[in-house]
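Structure file my_file.cif (mmCIF, C-alpha atoms) is printed below.
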```
data_upload
loop_
_atom_site.group_PDB
_atom_site.id
_atom_site.type_symbol
_atom_site.label_atom_id
_atom_site.label_comp_id
_atom_site.auth_asym_id
_atom_site.auth_seq_id
_atom_site.Cartn_x
_atom_site.Cartn_y
_atom_site.Cartn_z
ATOM 1 C CA MET A 1 105.706 66.099 117.121
ATOM 2 C CA LEU A 2 103.237 65.774 119.963
ATOM 3 C CA ILE A 3 100.858 62.856 120.085
ATOM 4 C CA PHE A 4 97.467 63.482 121.635
ATOM 5 C CA ASN A 5 95.598 60.588 123.173
ATOM 6 C CA LYS A 6 91.914 60.704 123.956
ATOM 7 C CA SER A 7 90.548 59.959 127.387
ATOM 8 C CA ASN A 8 86.782 59.654 127.536
ATOM 9 C CA ASP A 9 86.673 61.193 130.988
ATOM 10 C CA ALA A 10 87.744 64.580 132.217
ATOM 11 C CA ILE A 11 90.741 64.138 134.489
ATOM 12 C CA LYS A 12 90.101 65.847 137.793
ATOM 13 C CA ASP A 13 92.966 64.638 139.918
ATOM 14 C CA ALA A 14 96.249 66.348 139.308
ATOM 15 C CA GLY A 15 98.082 63.550 141.108
ATOM 16 C CA ASP A 16 100.844 61.417 139.640
ATOM 17 C CA GLY A 17 102.552 64.468 138.228
ATOM 18 C CA ILE A 18 99.807 65.199 135.719
ATOM 19 C CA VAL A 19 99.243 68.842 134.841
ATOM 20 C CA VAL A 20 95.467 69.217 134.504
ATOM 21 C CA LEU A 21 94.190 72.195 132.514
ATOM 22 C CA ASN A 22 90.514 73.007 131.977
ATOM 23 C CA PHE A 23 89.779 74.332 128.492
ATOM 24 C CA SER A 24 86.006 74.297 128.941
ATOM 25 C CA ASP A 25 83.658 75.221 131.758
ATOM 26 C CA ILE A 26 81.926 71.890 131.085
ATOM 27 C CA PRO A 27 84.824 69.442 130.848
ATOM 28 C CA LEU A 28 83.658 65.980 129.882
ATOM 29 C CA ARG A 29 86.718 64.383 128.321
ATOM 30 C CA SER A 30 90.411 64.950 127.959
ATOM 31 C CA TRP A 31 93.293 65.142 125.517
ATOM 32 C CA VAL A 32 96.439 63.687 127.090
ATOM 33 C CA PHE A 33 100.007 64.236 125.926
ATOM 34 C CA GLU A 34 103.558 64.214 127.232
ATOM 35 C CA TYR A 35 106.268 66.746 126.739
ATOM 36 C CA LYS A 36 109.771 66.244 128.110
ATOM 37 C CA GLY A 37 108.606 63.956 130.904
ATOM 38 C CA LEU A 38 105.648 66.104 131.921
ATOM 39 C CA LYS A 39 102.198 64.651 131.377
ATOM 40 C CA PHE A 40 99.376 67.027 130.478
ATOM 41 C CA ALA A 41 95.621 66.428 130.590
ATOM 42 C CA LEU A 42 93.613 68.977 128.639
ATOM 43 C CA ASN A 43 90.002 68.804 129.786
ATOM 44 C CA VAL A 44 87.553 69.693 127.019
ATOM 45 C CA ASN A 45 83.882 69.381 126.202
ATOM 46 C CA GLN A 46 84.233 67.807 122.746
ATOM 47 C CA PHE A 47 86.883 66.051 120.666
ATOM 48 C CA GLY A 48 86.106 68.083 117.544
ATOM 49 C CA ILE A 49 89.466 69.667 116.965
ATOM 50 C CA GLU A 50 92.896 68.671 118.270
ATOM 51 C CA PRO A 51 94.823 71.059 120.516
ATOM 52 C CA SER A 52 97.235 73.529 118.912
ATOM 53 C CA VAL A 53 100.554 73.635 120.726
ATOM 54 C CA ALA A 54 103.661 75.758 120.201
ATOM 55 C CA VAL A 55 106.922 75.880 122.150
ATOM 56 C CA ARG A 56 109.034 78.977 122.776
ATOM 57 C CA ASP A 57 112.058 79.077 125.090
ATOM 58 C CA GLY A 58 110.799 76.434 127.492
ATOM 59 C CA ILE A 59 107.224 77.704 127.427
ATOM 60 C CA LEU A 60 104.332 75.683 126.061
ATOM 61 C CA PHE A 61 101.447 77.493 124.399
ATOM 62 C CA ILE A 62 98.379 75.263 124.414
ATOM 63 C CA GLY A 63 95.105 76.235 122.788
ATOM 64 C CA VAL A 64 91.950 74.239 122.245
ATOM 65 C CA GLU A 65 88.219 74.841 122.507
ATOM 66 C CA GLN A 66 87.611 77.921 124.627
ATOM 67 C CA ALA A 67 90.981 78.591 126.225
ATOM 68 C CA ILE A 68 94.680 79.141 125.822
ATOM 69 C CA PHE A 69 97.129 78.148 128.551
ATOM 70 C CA VAL A 70 100.751 79.234 128.643
ATOM 71 C CA VAL A 71 102.689 76.780 130.756
ATOM 72 C CA SER A 72 106.297 76.303 131.807
ATOM 73 C CA ALA A 73 107.590 73.206 130.069
ATOM 74 C CA ASN A 74 109.959 72.609 132.987
ATOM 75 C CA ASN A 75 107.501 72.338 135.873
ATOM 76 C CA GLY A 76 103.987 72.731 134.429
ATOM 77 C CA PHE A 77 103.477 76.075 136.159
ATOM 78 C CA VAL A 78 100.724 78.114 134.469
ATOM 79 C CA VAL A 79 102.200 81.409 133.286
ATOM 80 C CA ASN A 80 99.027 82.788 131.704
ATOM 81 C CA SER A 81 95.537 81.667 130.750
ATOM 82 C CA ILE A 82 92.766 83.119 128.613
ATOM 83 C CA SER A 83 89.396 81.477 128.931
ATOM 84 C CA ASP A 84 86.693 83.456 127.131
ATOM 85 C CA ILE A 85 87.376 82.442 123.535
ATOM 86 C CA ALA A 86 84.818 81.192 120.985
ATOM 87 C CA ASN A 87 86.790 78.181 119.812
ATOM 88 C CA ILE A 88 90.441 77.826 118.971
ATOM 89 C CA GLN A 89 90.772 76.685 115.379
ATOM 90 C CA TRP A 90 94.510 76.633 114.687
ATOM 91 C CA LEU A 91 97.701 78.574 115.303
ATOM 92 C CA GLU A 92 100.287 80.349 113.229
ATOM 93 C CA ASP A 93 103.630 79.694 114.877
ATOM 94 C CA ASP A 94 106.157 80.373 112.131
ATOM 95 C CA VAL A 95 107.037 83.691 113.726
ATOM 96 C CA ASP A 96 109.772 83.684 116.357
ATOM 97 C CA SER A 97 108.510 86.702 118.232
ATOM 98 C CA CYS A 98 104.959 85.564 118.875
ATOM 99 C CA VAL A 99 102.324 82.864 118.704
ATOM 100 C CA ILE A 100 99.149 83.663 116.787
ATOM 101 C CA TYR A 101 96.008 81.795 117.782
ATOM 102 C CA VAL A 102 93.130 81.822 115.342
ATOM 103 C CA ALA A 103 89.757 81.334 117.001
ATOM 104 C CA GLU A 104 86.426 81.182 115.218
ATOM 105 C CA ASP A 105 85.888 84.928 115.181
ATOM 106 C CA GLU A 106 89.001 86.460 116.663
ATOM 107 C CA LEU A 107 92.782 86.564 116.694
ATOM 108 C CA ILE A 108 94.788 86.288 119.894
ATOM 109 C CA VAL A 109 98.494 87.060 119.627
ATOM 110 C CA LEU A 110 100.842 86.235 122.471
ATOM 111 C CA ASN A 111 104.453 87.295 122.815
ATOM 112 C CA SER A 112 107.144 84.727 123.518
ATOM 113 C CA HIS A 113 106.664 85.217 127.283
ATOM 114 C CA GLY A 114 102.999 84.330 127.034
ATOM 115 C CA ASP A 115 101.523 87.796 127.489
ATOM 116 C CA ILE A 116 98.823 89.040 125.137
ATOM 117 C CA SER A 117 100.333 91.336 122.512
ATOM 118 C CA TRP A 118 96.974 92.033 120.918
ATOM 119 C CA ARG A 119 93.560 90.528 120.527
ATOM 120 C CA LYS A 120 91.001 91.393 117.891
ATOM 121 C CA ASN A 121 87.411 90.316 117.346
ATOM 122 C CA LEU A 122 86.342 90.152 113.698
ATOM 123 C CA PRO A 123 82.923 90.614 112.058
ATOM 124 C CA ASP A 124 82.541 86.965 111.063
ATOM 125 C CA ILE A 125 84.017 83.494 111.249
ATOM 126 C CA ILE A 126 87.569 83.151 110.021
ATOM 127 C CA GLN A 127 87.933 80.813 107.062
ATOM 128 C CA ASN A 128 91.682 80.808 106.596
ATOM 129 C CA THR A 129 94.851 82.697 107.483
ATOM 130 C CA ASP A 130 98.287 83.023 105.983
ATOM 131 C CA LEU A 131 101.544 84.565 107.092
ATOM 132 C CA VAL A 132 103.463 86.957 104.893
ATOM 133 C CA PRO A 133 106.477 88.986 106.044
ATOM 134 C CA GLU A 134 105.422 90.984 109.126
ATOM 135 C CA CYS A 135 101.732 90.545 108.314
ATOM 136 C CA LEU A 136 98.866 88.106 108.648
ATOM 137 C CA HIS A 137 96.276 87.698 105.913
ATOM 138 C CA VAL A 138 92.823 86.722 107.161
ATOM 139 C CA SER A 139 89.835 85.683 105.047
ATOM 140 C CA ASP A 140 86.425 85.274 106.619
ATOM 141 C CA VAL A 141 83.430 83.231 105.535
ATOM 142 C CA SER A 142 81.680 86.356 104.208
ATOM 143 C CA GLY A 143 84.487 86.919 101.705
ATOM 144 C CA ARG A 144 86.181 89.788 103.497
ATOM 145 C CA VAL A 145 89.975 89.840 103.481
ATOM 146 C CA PHE A 146 92.048 91.638 106.094
ATOM 147 C CA THR A 147 95.768 92.134 106.516
ATOM 148 C CA PHE A 148 97.093 92.827 109.997
ATOM 149 C CA ASN A 149 100.508 93.914 111.173
ATOM 150 C CA ILE A 150 101.704 91.055 113.357
ATOM 151 C CA THR A 151 103.518 93.274 115.824
ATOM 152 C CA ASP A 152 100.627 95.484 116.909
ATOM 153 C CA GLY A 153 97.522 94.215 115.114
ATOM 154 C CA ALA A 154 97.116 97.381 113.077
ATOM 155 C CA ILE A 155 94.993 96.939 109.975
ATOM 156 C CA VAL A 156 97.232 97.183 106.925
ATOM 157 C CA SER A 157 94.424 96.630 104.459
ATOM 158 C CA SER A 158 90.868 95.338 104.254
ATOM 159 C CA SER A 159 88.523 94.565 101.400
ATOM 160 C CA MET B 1 58.285 92.776 113.095
ATOM 161 C CA GLN B 2 59.646 89.279 113.447
ATOM 162 C CA GLN B 3 60.640 87.840 110.101
ATOM 163 C CA ARG B 4 60.040 84.139 109.894
ATOM 164 C CA LEU B 5 62.494 81.860 108.171
ATOM 165 C CA VAL B 6 59.741 80.322 106.101
ATOM 166 C CA ASP B 7 59.096 83.729 104.498
ATOM 167 C CA ALA B 8 62.584 83.683 103.081
ATOM 168 C CA VAL B 9 62.362 80.207 101.670
ATOM 169 C CA ILE B 10 61.643 80.061 97.957
ATOM 170 C CA LEU B 11 62.152 76.423 97.264
ATOM 171 C CA ILE B 12 62.024 73.291 99.303
ATOM 172 C CA GLU B 13 62.709 70.201 97.324
ATOM 173 C CA LYS B 14 60.677 67.349 98.649
ATOM 174 C CA ASN B 15 62.762 64.634 100.278
ATOM 175 C CA SER B 16 65.779 66.870 100.061
ATOM 176 C CA SER B 17 67.573 68.794 102.739
ATOM 177 C CA GLU B 18 68.345 71.524 100.231
ATOM 178 C CA ILE B 19 66.630 74.757 101.106
ATOM 179 C CA LYS B 20 67.014 77.893 99.029
ATOM 180 C CA TYR B 21 66.352 81.382 100.236
ATOM 181 C CA ALA B 22 65.041 84.537 98.622
ATOM 182 C CA GLU B 23 66.851 86.741 101.089
ATOM 183 C CA LYS B 24 70.380 86.847 102.443
ATOM 184 C CA THR B 25 69.472 88.021 105.900
ATOM 185 C CA ILE B 26 66.647 87.316 108.305
ATOM 186 C CA SER B 27 65.701 90.215 110.574
ATOM 187 C CA ARG B 28 64.384 89.334 113.986
ATOM 188 C CA GLU B 29 63.541 91.474 116.939
ATOM 189 C CA GLY B 30 66.887 92.584 118.316
ATOM 190 C CA TYR B 31 69.204 90.877 115.827
ATOM 191 C CA ASP B 32 69.799 89.798 112.239
ATOM 192 C CA ILE B 33 71.155 86.519 110.953
ATOM 193 C CA ASP B 34 72.576 85.761 107.525
ATOM 194 C CA VAL B 35 70.875 82.690 106.106
ATOM 195 C CA SER B 36 74.350 81.434 105.142
ATOM 196 C CA LYS B 37 74.913 80.875 108.877
ATOM 197 C CA PHE B 38 72.583 77.928 108.667
ATOM 198 C CA ASP B 39 75.080 76.274 106.323
ATOM 199 C CA TYR B 40 77.732 76.604 109.016
ATOM 200 C CA PHE B 41 75.462 75.515 111.845
ATOM 201 C CA TYR B 42 74.162 72.511 109.915
ATOM 202 C CA GLY B 43 77.367 71.011 108.593
ATOM 203 C CA ASN B 44 76.947 72.302 105.055
ATOM 204 C CA VAL B 45 80.498 73.548 104.877
ATOM 205 C CA GLY B 46 82.220 71.621 102.134
ATOM 206 C CA ALA B 47 84.948 69.212 103.149
ATOM 207 C CA PRO B 48 88.275 70.306 101.674
ATOM 208 C CA ASN B 49 89.325 68.688 98.433
ATOM 209 C CA LEU B 50 91.790 65.883 99.133
ATOM 210 C CA SER B 51 94.086 67.136 96.367
ATOM 211 C CA LEU B 52 94.747 70.154 98.582
ATOM 212 C CA LYS B 53 96.307 67.875 101.167
ATOM 213 C CA LEU B 54 99.430 67.663 99.029
ATOM 214 C CA SER B 55 99.326 70.940 97.130
ATOM 215 C CA GLY B 56 98.287 73.141 100.043
ATOM 216 C CA PRO B 57 98.463 71.228 103.312
ATOM 217 C CA LYS B 58 98.116 74.333 105.433
ATOM 218 C CA ILE B 59 94.917 75.572 103.841
ATOM 219 C CA TYR B 60 93.652 71.983 103.745
ATOM 220 C CA LYS B 61 94.047 71.750 107.517
ATOM 221 C CA GLN B 62 92.297 75.086 108.056
ATOM 222 C CA LEU B 63 89.365 74.174 105.823
ATOM 223 C CA GLU B 64 89.201 70.796 107.513
ATOM 224 C CA HIS B 65 88.925 72.517 110.889
ATOM 225 C CA ASN B 66 86.041 74.660 109.648
ATOM 226 C CA TYR B 67 84.381 71.543 108.305
ATOM 227 C CA GLN B 68 84.885 69.602 111.547
ATOM 228 C CA ARG B 69 83.578 72.479 113.618
ATOM 229 C CA SER B 70 80.508 72.828 111.425
ATOM 230 C CA GLN B 71 79.827 69.090 111.711
ATOM 231 C CA GLN B 72 80.244 69.259 115.464
ATOM 232 C CA ILE B 73 77.722 72.087 115.882
ATOM 233 C CA CYS B 74 75.257 70.300 113.605
ATOM 234 C CA SER B 75 75.561 67.072 115.534
ATOM 235 C CA ILE B 76 74.743 68.760 118.842
ATOM 236 C CA LEU B 77 71.904 70.858 117.396
ATOM 237 C CA GLU B 78 70.218 67.853 115.825
ATOM 238 C CA SER B 79 70.596 65.854 119.023
ATOM 239 C CA GLN B 80 68.555 68.603 120.685
ATOM 240 C CA GLY B 81 65.788 68.645 118.084
ATOM 241 C CA PHE B 82 67.006 71.594 116.037
ATOM 242 C CA TRP B 83 66.702 69.638 112.800
ATOM 243 C CA ASN B 84 68.094 70.719 109.454
ATOM 244 C CA THR B 85 64.625 71.527 108.144
ATOM 245 C CA VAL B 86 62.676 74.755 107.800
ATOM 246 C CA SER B 87 60.748 74.041 110.982
ATOM 247 C CA GLY B 88 63.922 72.995 112.799
ATOM 248 C CA LYS B 89 65.630 76.204 111.774
ATOM 249 C CA GLU B 90 62.587 78.230 112.767
ATOM 250 C CA LYS B 91 62.895 76.584 116.170
ATOM 251 C CA LEU B 92 66.543 77.612 116.252
ATOM 252 C CA LEU B 93 65.560 81.199 115.430
ATOM 253 C CA ASN B 94 63.092 81.145 118.313
ATOM 254 C CA PHE B 95 65.954 79.955 120.473
ATOM 255 C CA PHE B 96 68.140 82.822 119.240
ATOM 256 C CA ASP B 97 65.308 85.202 120.193
ATOM 257 C CA ILE B 98 65.750 84.006 123.759
ATOM 258 C CA ALA B 99 69.540 84.189 123.478
ATOM 259 C CA SER B 100 69.421 87.805 122.284
ATOM 260 C CA LYS B 101 67.794 88.759 125.566
ATOM 261 C CA ALA B 102 69.991 86.514 127.704
ATOM 262 C CA PRO B 103 72.710 87.643 130.114
ATOM 263 C CA THR B 104 75.984 88.798 128.616
ATOM 264 C CA LEU B 105 78.909 86.479 129.216
ATOM 265 C CA SER B 106 81.678 88.535 127.651
ATOM 266 C CA THR B 107 82.269 91.555 125.416
ATOM 267 C CA HIS B 108 85.186 92.225 123.074
ATOM 268 C CA SER B 109 85.681 95.306 120.934
ATOM 269 C CA SER B 110 87.958 96.247 118.070
ATOM 270 C CA GLU B 111 87.941 98.805 115.276
ATOM 271 C CA PHE B 112 85.456 96.518 113.498
ATOM 272 C CA GLY B 113 82.836 96.541 116.216
ATOM 273 C CA THR B 114 81.815 94.773 119.390
ATOM 274 C CA THR B 115 81.204 91.074 119.875
ATOM 275 C CA VAL B 116 78.868 90.186 122.720
ATOM 276 C CA ALA B 117 78.609 86.601 123.907
ATOM 277 C CA LYS B 118 75.274 85.611 125.478
ATOM 278 C CA VAL B 119 74.567 82.395 127.270
ATOM 279 C CA VAL B 120 71.475 80.200 127.495
ATOM 280 C CA GLU B 121 71.339 76.893 129.335
ATOM 281 C CA THR B 122 68.930 74.036 128.841
ATOM 282 C CA ALA B 123 68.843 70.795 130.771
ATOM 283 C CA ASN B 124 71.327 69.136 128.415
ATOM 284 C CA VAL B 125 73.305 71.879 126.708
ATOM 285 C CA LYS B 126 74.894 75.200 127.507
ATOM 286 C CA TYR B 127 74.799 77.470 124.455
ATOM 287 C CA GLU B 128 76.902 80.549 123.907
ATOM 288 C CA VAL B 129 75.701 82.757 121.069
ATOM 289 C CA LYS B 130 77.871 85.545 119.700
ATOM 290 C CA PHE B 131 76.350 88.781 118.419
ATOM 291 C CA PHE B 132 78.465 91.258 116.455
ATOM 292 C CA HIS B 133 77.576 94.959 116.589
ATOM 293 C CA SER B 134 79.223 96.632 113.614
ATOM 294 C CA ILE B 135 80.782 100.039 114.103
ATOM 295 C CA GLY B 136 78.964 102.701 112.107
ATOM 296 C CA ASP B 137 75.708 100.802 112.252
ATOM 297 C CA VAL B 138 73.507 103.501 113.788
ATOM 298 C CA SER B 139 70.633 101.119 114.349
ATOM 299 C CA SER B 140 73.111 98.904 116.170
ATOM 300 C CA VAL B 141 71.265 95.730 115.281
ATOM 301 C CA PRO B 142 73.767 92.953 115.865
ATOM 302 C CA LYS B 143 74.318 89.961 113.629
ATOM 303 C CA ILE B 144 74.806 86.454 114.925
ATOM 304 C CA THR B 145 78.329 85.301 114.201
ATOM 305 C CA THR B 146 78.586 81.918 115.854
ATOM 306 C CA LEU B 147 77.118 79.421 118.233
ATOM 307 C CA ILE B 148 79.001 77.354 120.790
ATOM 308 C CA PRO B 149 76.953 74.458 122.099
ATOM 309 C CA LYS B 150 78.429 72.468 124.961
ATOM 310 C CA VAL B 151 76.757 69.281 126.028
ATOM 311 C CA LYS B 152 76.500 68.736 129.762
ATOM 312 C CA LYS B 153 76.881 64.979 129.834
#
```

As structure tokens, how would this structure be written, given the file I've shared?
Amino acid sequence: MLIFNKSNDAIKDAGDGIVVLNFSDIPLRSWVFEYKGLKFALNVNQFGIEPSVAVRDGILFIGVEQAIFVVSANNGFVVNSISDIANIQWLEDDVDSCVIYVAEDELIVLNSHGDISWRKNLPDIIQNTDLVPECLHVSDVSGRVFTFNITDGAIVSSS
Amino acid sequence: MQQRLVDAVILIEKNSSEIKYAEKTISREGYDIDVSKFDYFYGNVGAPNLSLKLSGPKIYKQLEHNYQRSQQICSILESQGFWNTVSGKEKLLNFFDIASKAPTLSTHSSEFGTTVAKVVETANVKYEVKFFHSIGDVSSVPKITTLIPKVKK
């Protein structure tokens, strides 16, 4: 389990072996954590919600606020980054083949290499999600319920 | 014609922050907004029941995130004078009027429709406002989905 520490300043200097990642265009503060000897500083605007991190085959998937970074856990090299997201809320990572990030109003699904498998904006803010075999159930704050195929994002049902 | 928030209010209890509305949606020039959005923007999303923490920890965490996010938006809005009152919300609507005409930051489309993010900056805060254009809506009046305020210092 990762432990996130708060730093009340954004960390600008990537010295001392720290991997600095900007998750906001207005970074004011930072979440700091270590993984297998690598130290990461996640620059954010607010401390509202903790980062959501998953690990797949030596690759770290890190999402918080307005970005997702996919980073090599061995050397901190950034494999992929997505930076125009509303706000990352949580992730669904109980699927081996992918990592599903749930943002306020969209789903971003990455394959185990860190590439985007599919991305889908929704009509309203997502209230909760749940995994069922091969599918993701999504409920929004307006009471709509959608079921998506995890592999390709196809709508299985909506109501 | 611009619809004012106060026209949709049917009851304001004195000394209470509770505001009830006669309508579900406010129509403004260039966009609509569901009045339920004000609950989200002003922290009126219920905190998850603690009993869920044991019986449904996953859904507890998700509801907690929604709650935290709602509180966070409210805190920033109120710090900028967008109070949780009818006049404060009217001021927020006037701000959204400006946002609806602001430059587009990003656009994302799916089979549901298109989400357009617009950005407005003030001295202290950078706001991103998301407008959702539903597919099949011939009038193409977007609805506000969310607001992302980022303080500058």

Using all atoms listed in the file, what does the table of stretch 36-116 of chain B residues within 7 Å of stretch 46-60 of chain A look like, with each row giving the shortest atom pair and its distance in Å to one decimal, sorted by chain and ascending number, as a Markdown table?
```
| residue | atom | partner | partner_atom | distance |
| --- | --- | --- | --- | --- |
| B:His65 | CA | A:Ile49 | CA | 6.7 |
| B:Gln68 | CA | A:Gly48 | CA | 6.3 |
| B:Arg69 | CA | A:Gly48 | CA | 6.4 |
| B:Gln72 | CA | A:Gly48 | CA | 6.3 |
```

Report task. Give me, as a VMD selection string, the contact residues of chain A against chain B at a cut-off of 10 Å, counting all atoms listed in the file. Result -> chain A and resid 24 to 29 44 to 50 65 to 66 84 to 91 102 104 to 106 119 to 130 141 to 142 154 to 155

Please write the residues from the selection above to a file, keeping C-alpha atoms, as a compact mmCIF listing (two decimals), in the coordinates of the input.
```
# COMPACT_ATOMS: atom_id res chain seq x y z
CA SER A 24 86.01 74.30 128.94
CA ASP A 25 83.66 75.22 131.76
CA ILE A 26 81.93 71.89 131.08
CA PRO A 27 84.82 69.44 130.85
CA LEU A 28 83.66 65.98 129.88
CA ARG A 29 86.72 64.38 128.32
CA VAL A 44 87.55 69.69 127.02
CA ASN A 45 83.88 69.38 126.20
CA GLN A 46 84.23 67.81 122.75
CA PHE A 47 86.88 66.05 120.67
CA GLY A 48 86.11 68.08 117.54
CA ILE A 49 89.47 69.67 116.96
CA GLU A 50 92.90 68.67 118.27
CA GLU A 65 88.22 74.84 122.51
CA GLN A 66 87.61 77.92 124.63
CA ASP A 84 86.69 83.46 127.13
CA ILE A 85 87.38 82.44 123.54
CA ALA A 86 84.82 81.19 120.98
CA ASN A 87 86.79 78.18 119.81
CA ILE A 88 90.44 77.83 118.97
CA GLN A 89 90.77 76.68 115.38
CA TRP A 90 94.51 76.63 114.69
CA LEU A 91 97.70 78.57 115.30
CA VAL A 102 93.13 81.82 115.34
CA GLU A 104 86.43 81.18 115.22
CA ASP A 105 85.89 84.93 115.18
CA GLU A 106 89.00 86.46 116.66
CA ARG A 119 93.56 90.53 120.53
CA LYS A 120 91.00 91.39 117.89
CA ASN A 121 87.41 90.32 117.35
CA LEU A 122 86.34 90.15 113.70
CA PRO A 123 82.92 90.61 112.06
CA ASP A 124 82.54 86.96 111.06
CA ILE A 125 84.02 83.49 111.25
CA ILE A 126 87.57 83.15 110.02
CA GLN A 127 87.93 80.81 107.06
CA ASN A 128 91.68 80.81 106.60
CA THR A 129 94.85 82.70 107.48
CA ASP A 130 98.29 83.02 105.98
CA VAL A 141 83.43 83.23 105.54
CA SER A 142 81.68 86.36 104.21
CA ALA A 154 97.12 97.38 113.08
CA ILE A 155 94.99 96.94 109.98
```

For this file, the PyMOL selection byres ((chain B and resi 77) around 10) selects which residues, as a compact mmCIF listing (two decimals) with C-alpha atoms, in the frame of the given file?
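Written out: selection_36.txt:
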```txt
# COMPACT_ATOMS: atom_id res chain seq x y z
CA PHE B 41 75.46 75.52 111.84
CA TYR B 42 74.16 72.51 109.92
CA GLN B 71 79.83 69.09 111.71
CA GLN B 72 80.24 69.26 115.46
CA ILE B 73 77.72 72.09 115.88
CA CYS B 74 75.26 70.30 113.60
CA SER B 75 75.56 67.07 115.53
CA ILE B 76 74.74 68.76 118.84
CA GLU B 78 70.22 67.85 115.82
CA SER B 79 70.60 65.85 119.02
CA GLN B 80 68.56 68.60 120.68
CA GLY B 81 65.79 68.64 118.08
CA PHE B 82 67.01 71.59 116.04
CA TRP B 83 66.70 69.64 112.80
CA ASN B 84 68.09 70.72 109.45
CA GLY B 88 63.92 73.00 112.80
CA LYS B 89 65.63 76.20 111.77
CA LEU B 92 66.54 77.61 116.25
CA VAL B 125 73.31 71.88 126.71
CA PRO B 149 76.95 74.46 122.10
```

Query raised in the report: For the atom pair atom CA of A:Ile100 and atom CA of B:Val119, what is the interatomic distance in Å to one decimal place?
Result: 26.8 Å

Requested in this report: Skip stretch 71-75 of chain A itself and residues of its chain fewer than 3 positions away, then list as number ranges by chain all residues within 8 Å of it, counting only C-alpha atoms.
Outcome: A: 35-36, 38, 58-62, 78-80

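What separates atom CA of A:Trp118 from atom CA of B:Ala102 is a distance of 28.4 Å.
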
Requested in this report: Write out as a VMD selection string which residues come within 7 Å of B:Val141 when counting only C-alpha atoms, dropping same-chain ones fewer than 5 positions away.
Outcome: chain B and resid 30 to 32 133

Could those selected residues go to a file with C-alpha atoms, as an mmCIF file, in the coordinates of the input?
```cif
data_model
loop_
_atom_site.group_PDB
_atom_site.id
_atom_site.type_symbol
_atom_site.label_atom_id
_atom_site.label_comp_id
_atom_site.auth_asym_id
_atom_site.auth_seq_id
_atom_site.Cartn_x
_atom_site.Cartn_y
_atom_site.Cartn_z
ATOM 1 C CA GLY B 30 66.887 92.584 118.316
ATOM 2 C CA TYR B 31 69.204 90.877 115.827
ATOM 3 C CA ASP B 32 69.799 89.798 112.239
ATOM 4 C CA HIS B 133 77.576 94.959 116.589
#
```

Query raised in the report: A:Ser7: which residues within 8 Å, counting all atoms listed in the file, same-chain residues fewer than 5 positions away excluded, as a PyMOL selection string?
Result: chain A and resi 29-32

Mind writing the picked residues with C-alpha atoms as a PDB file, in the coordinates of the input?
```pdb
ATOM      1  CA  ARG A  29      86.718  64.383 128.321  1.00  0.00           C
ATOM      2  CA  SER A  30      90.411  64.950 127.959  1.00  0.00           C
ATOM      3  CA  TRP A  31      93.293  65.142 125.517  1.00  0.00           C
ATOM      4  CA  VAL A  32      96.439  63.687 127.090  1.00  0.00           C
TER       5      VAL A  32
END
```

Requested in this report: Could you tell me which residues the PyMOL selection byres ((chain A and resi 18) around 8) grabs in this file, written as a ChimeraX atom specification?
Outcome: /A:14-17,19-20,38-41

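You will find atom CA of A:Cys135 at 21.4 Å from atom CA of A:Gly63.
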
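Residue membership of the PyMOL selection byres ((chain A and resi 4) around 7) in the shown file amounts to A:Leu2, A:Ile3, A:Asn5, A:Lys6, A:Trp31, A:Val32, A:Phe33.
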
Include C-alpha atoms and write out the residues we just selected as a PDB file, in the frame of the given file.
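File again35.pdb, as written:
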```
ATOM      1  CA  LEU A   2     103.237  65.774 119.963  1.00  0.00           C
ATOM      2  CA  ILE A   3     100.858  62.856 120.085  1.00  0.00           C
ATOM      3  CA  ASN A   5      95.598  60.588 123.173  1.00  0.00           C
ATOM      4  CA  LYS A   6      91.914  60.704 123.956  1.00  0.00           C
ATOM      5  CA  TRP A  31      93.293  65.142 125.517  1.00  0.00           C
ATOM      6  CA  VAL A  32      96.439  63.687 127.090  1.00  0.00           C
ATOM      7  CA  PHE A  33     100.007  64.236 125.926  1.00  0.00           C
TER       8      PHE A  33
END
```

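Shell of A:Val156 at 8 Å, with only C-alpha atoms counted and residues fewer than 5 places along the chain excluded, is A:Phe146, A:Thr147, A:Phe148, A:Asn149.
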
Provide stretch 114-120 of chain A rebuilt to N, CA and C atoms, formatted as an mmCIF file, keeping the file's coordinate frame.
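This went into part_14.cif:
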```cif
data_model
loop_
_atom_site.group_PDB
_atom_site.id
_atom_site.type_symbol
_atom_site.label_atom_id
_atom_site.label_comp_id
_atom_site.auth_asym_id
_atom_site.auth_seq_id
_atom_site.Cartn_x
_atom_site.Cartn_y
_atom_site.Cartn_z
ATOM 1 N N GLY A 114 104.351 84.796 126.732
ATOM 2 C CA GLY A 114 102.999 84.330 127.034
ATOM 3 C C GLY A 114 102.014 85.433 127.347
ATOM 4 N N ASP A 115 102.452 86.674 127.261
ATOM 5 C CA ASP A 115 101.523 87.796 127.489
ATOM 6 C C ASP A 115 100.788 88.119 126.180
ATOM 7 N N ILE A 116 99.587 88.665 126.335
ATOM 8 C CA ILE A 116 98.823 89.040 125.137
ATOM 9 C C ILE A 116 99.441 90.285 124.509
ATOM 10 N N SER A 117 99.850 90.168 123.261
ATOM 11 C CA SER A 117 100.333 91.336 122.512
ATOM 12 C C SER A 117 99.143 92.116 121.969
ATOM 13 N N TRP A 118 98.219 91.418 121.362
ATOM 14 C CA TRP A 118 96.974 92.033 120.918
ATOM 15 C C TRP A 118 95.925 90.964 120.675
ATOM 16 N N ARG A 119 94.694 91.435 120.696
ATOM 17 C CA ARG A 119 93.560 90.528 120.527
ATOM 18 C C ARG A 119 92.502 91.294 119.743
ATOM 19 N N LYS A 120 91.912 90.648 118.756
ATOM 20 C CA LYS A 120 91.001 91.393 117.891
ATOM 21 C C LYS A 120 89.813 90.526 117.480
#
```
